[in-house]
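Visitor: One structure follows; several queries about it will come next.
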Amino acid sequence: MLRIDVITLFPEVIEAGTSYSIVGRAREWGLVHIRAIQLRDFAEGKHKKTDDEPYGGGAGLVMKPEPIARAVEFCQPTPNTRIVLLEPQGRLYTQAYARELAAQSHLVLICGHYEGVDARIREHLATDVISIGDYVLTGGELPALIVIDSVVRLIPGAIHSPESLEQDSFADGLLGYPQYTRPEVFRGWRVPSVLLSGNHGAIARWRRKEQLRLTRLLRPDLFATACLTAEDVELLRELHAEGQL
């Protein structure tokens with residue numbers, strides 16, 4: 001069973017965000033144990049202060065290292081525990097990173113706030129520093145929930161249809177193909193005829209072609225690192241010939 005401890009100033013956010021859908025069911029089924037830990041419980045003094053002014057001056061406040069270190073120790077990490085600090089300066093989170101974390105037995109997620117966390121936590125305590133994108137958020141709770149959701153759905157048994165994981169976007173380095181359902185015609189817009197043909201080979205070929213087309217147009221950064229097969233190259237030639245690229 002995967003154990004996830006989340007160190008946060010707002011445990012209610014974590015509890016609410018992990019109590020429904022796939023993550024909520026995985027908790028009920030005993031596939032994952034998620035615990036939200038109140039950081040203030042490990043702060044000292046009357047006011048349980050978890051932040052202070054930055055050395056060297058500047059605007060804002062910095063999260064103190066002592067309460068975080070105590071909270072991490074409370075989680076009883078082993079040498080194999082991944083201690084993850086969620087900060088904008090971290091490594092960009094990807095599906096491959098999610099698979100890496102899903103293979104672990106214990107994760108400790110540290111939610112940053114204010115102007116950040118004392119750098120000694122990053123330098124000496126965290127094993128990983130993760131960013132979910134190049135934008136600013138109020139705190140690390142939403143990134144923590146994103147990490148939890150993406151990791152838990154990869155746990156065997158969390159999803160009823162494991163083959164759907166293989167069809168997810170980014171599973172093979174490309175975006176997913178377009179999906180359609182009933183009705184066949186909606187406001188004059190039709191489902192592509194190939195999907196109604198019953199020809200599974202033609203459908204698979206169309207879907208792969210769409211993956212290549214969409215990734216090339218929308219995410220050239222992903223496309224540049226994708227591992228393409230000889231069939232993929234042929235499909236790309238067709239797309240160029242058809243004027244779709």
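Numbering starts fresh at 1 for the residues of each chain in the structure tokens, the chains themselves are lettered A, B, ... in the order given, and ligands are numbered from 1 as they appear.
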Which residues come within 9 Å of Leu125 in chain A, counting only C-alpha atoms, excluding same-chain residues fewer than 5 positions away, as a list in words?
Guide: Ala69, Val72, Ile83 and Arg120 of chain A
Visitor: So which bits of range 20-180 of chain A end up strand (DSSP E) when you DSSP the backbone, as an MDAnalysis selection string?
Guide: chainID A and resid 32:38 51:52 62:63 82:92 106:111 128:131
Visitor: Counting only C-alpha atoms, which of A:Gln89, A:Thr18, A:Thr81, A:Gln104 gets nearest to Ala126 in chain A?
Guide: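 Ranked by minimum distance to Ala126 in chain A, first place goes to A:Thr81.
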Visitor: Got a sec: who's within 12 Å of Tyr114 in chain A, counting only C-alpha atoms, leaving out chain neighbours fewer than 3 positions off, as a list in words?
Guide: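 The residues satisfying every condition are Leu9, Thr50, Asp51, Asp52, Glu53, Pro54, Ala59, Gly60, Leu61, Val62, Met63, Lys64, Glu87, Cys111, Val117, Asp118, Val136, Leu137, Thr138, Gly139 and Gly140 of chain A.
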Visitor: Write out the residues from the selection above, keeping C-alpha atoms, as a short mmCIF file (atom, residue, chain, number, x, y, z; two decimals), in the first residue's frame.
Guide:
data_model
loop_
_atom_site.label_atom_id
_atom_site.label_comp_id
_atom_site.auth_asym_id
_atom_site.auth_seq_id
_atom_site.Cartn_x
_atom_site.Cartn_y
_atom_site.Cartn_z
CA LEU A 9 -1.19 24.69 6.81
CA THR A 50 5.47 28.91 10.95
CA ASP A 51 6.96 31.87 9.05
CA ASP A 52 9.31 34.80 9.57
CA GLU A 53 10.89 37.73 7.73
CA PRO A 54 13.60 36.87 5.19
CA ALA A 59 8.85 41.65 0.86
CA GLY A 60 6.79 38.82 2.24
CA LEU A 61 7.50 36.00 4.67
CA VAL A 62 9.45 32.75 4.48
CA MET A 63 8.38 29.45 5.99
CA LYS A 64 10.59 28.46 8.91
CA GLU A 87 7.81 24.86 -5.21
CA CYS A 111 3.24 22.39 0.76
CA VAL A 117 10.34 27.72 2.19
CA ASP A 118 13.68 28.25 3.92
CA VAL A 136 2.23 31.40 -9.30
CA LEU A 137 -0.22 29.84 -6.84
CA THR A 138 -1.13 30.83 -3.28
CA GLY A 139 0.31 27.64 -1.82
CA GLY A 140 1.34 24.07 -2.40
#
Visitor: Env of Thr127 in chain A: 10 Å cut, atoms = only C-alpha atoms, seq-sep filter 5 positions within chain, self excluded. Answer as an MDAnalysis selection string.
Guide: chainID A and resid 80:85 108 121:122
Visitor: Got a sec: who's within 9 Å of Lys209 in chain A, counting only C-alpha atoms, leaving out chain neighbours fewer than 2 positions off, as a ChimeraX atom specification?
Guide: /A:177,204-207,211-214,232,235-236,238-239
Visitor: What separation in Å, quoted to one decimal, exists between CA of Leu228 in chain A and CA of Arg153 in chain A?
Guide: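 If I compute the distance from CA of Leu228 in chain A to CA of Arg153 in chain A, I get 26.5 Å.
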Visitor: Residues of range 5-238 of chain A in helix (DSSP H, G or I) according to DSSP, as a PyMOL selection string?
Guide: chain A and resi 11-17+21-28+39-42+65-74+95-102+119-124+141-152+163-166+193-196+200-218+220-223+230-238
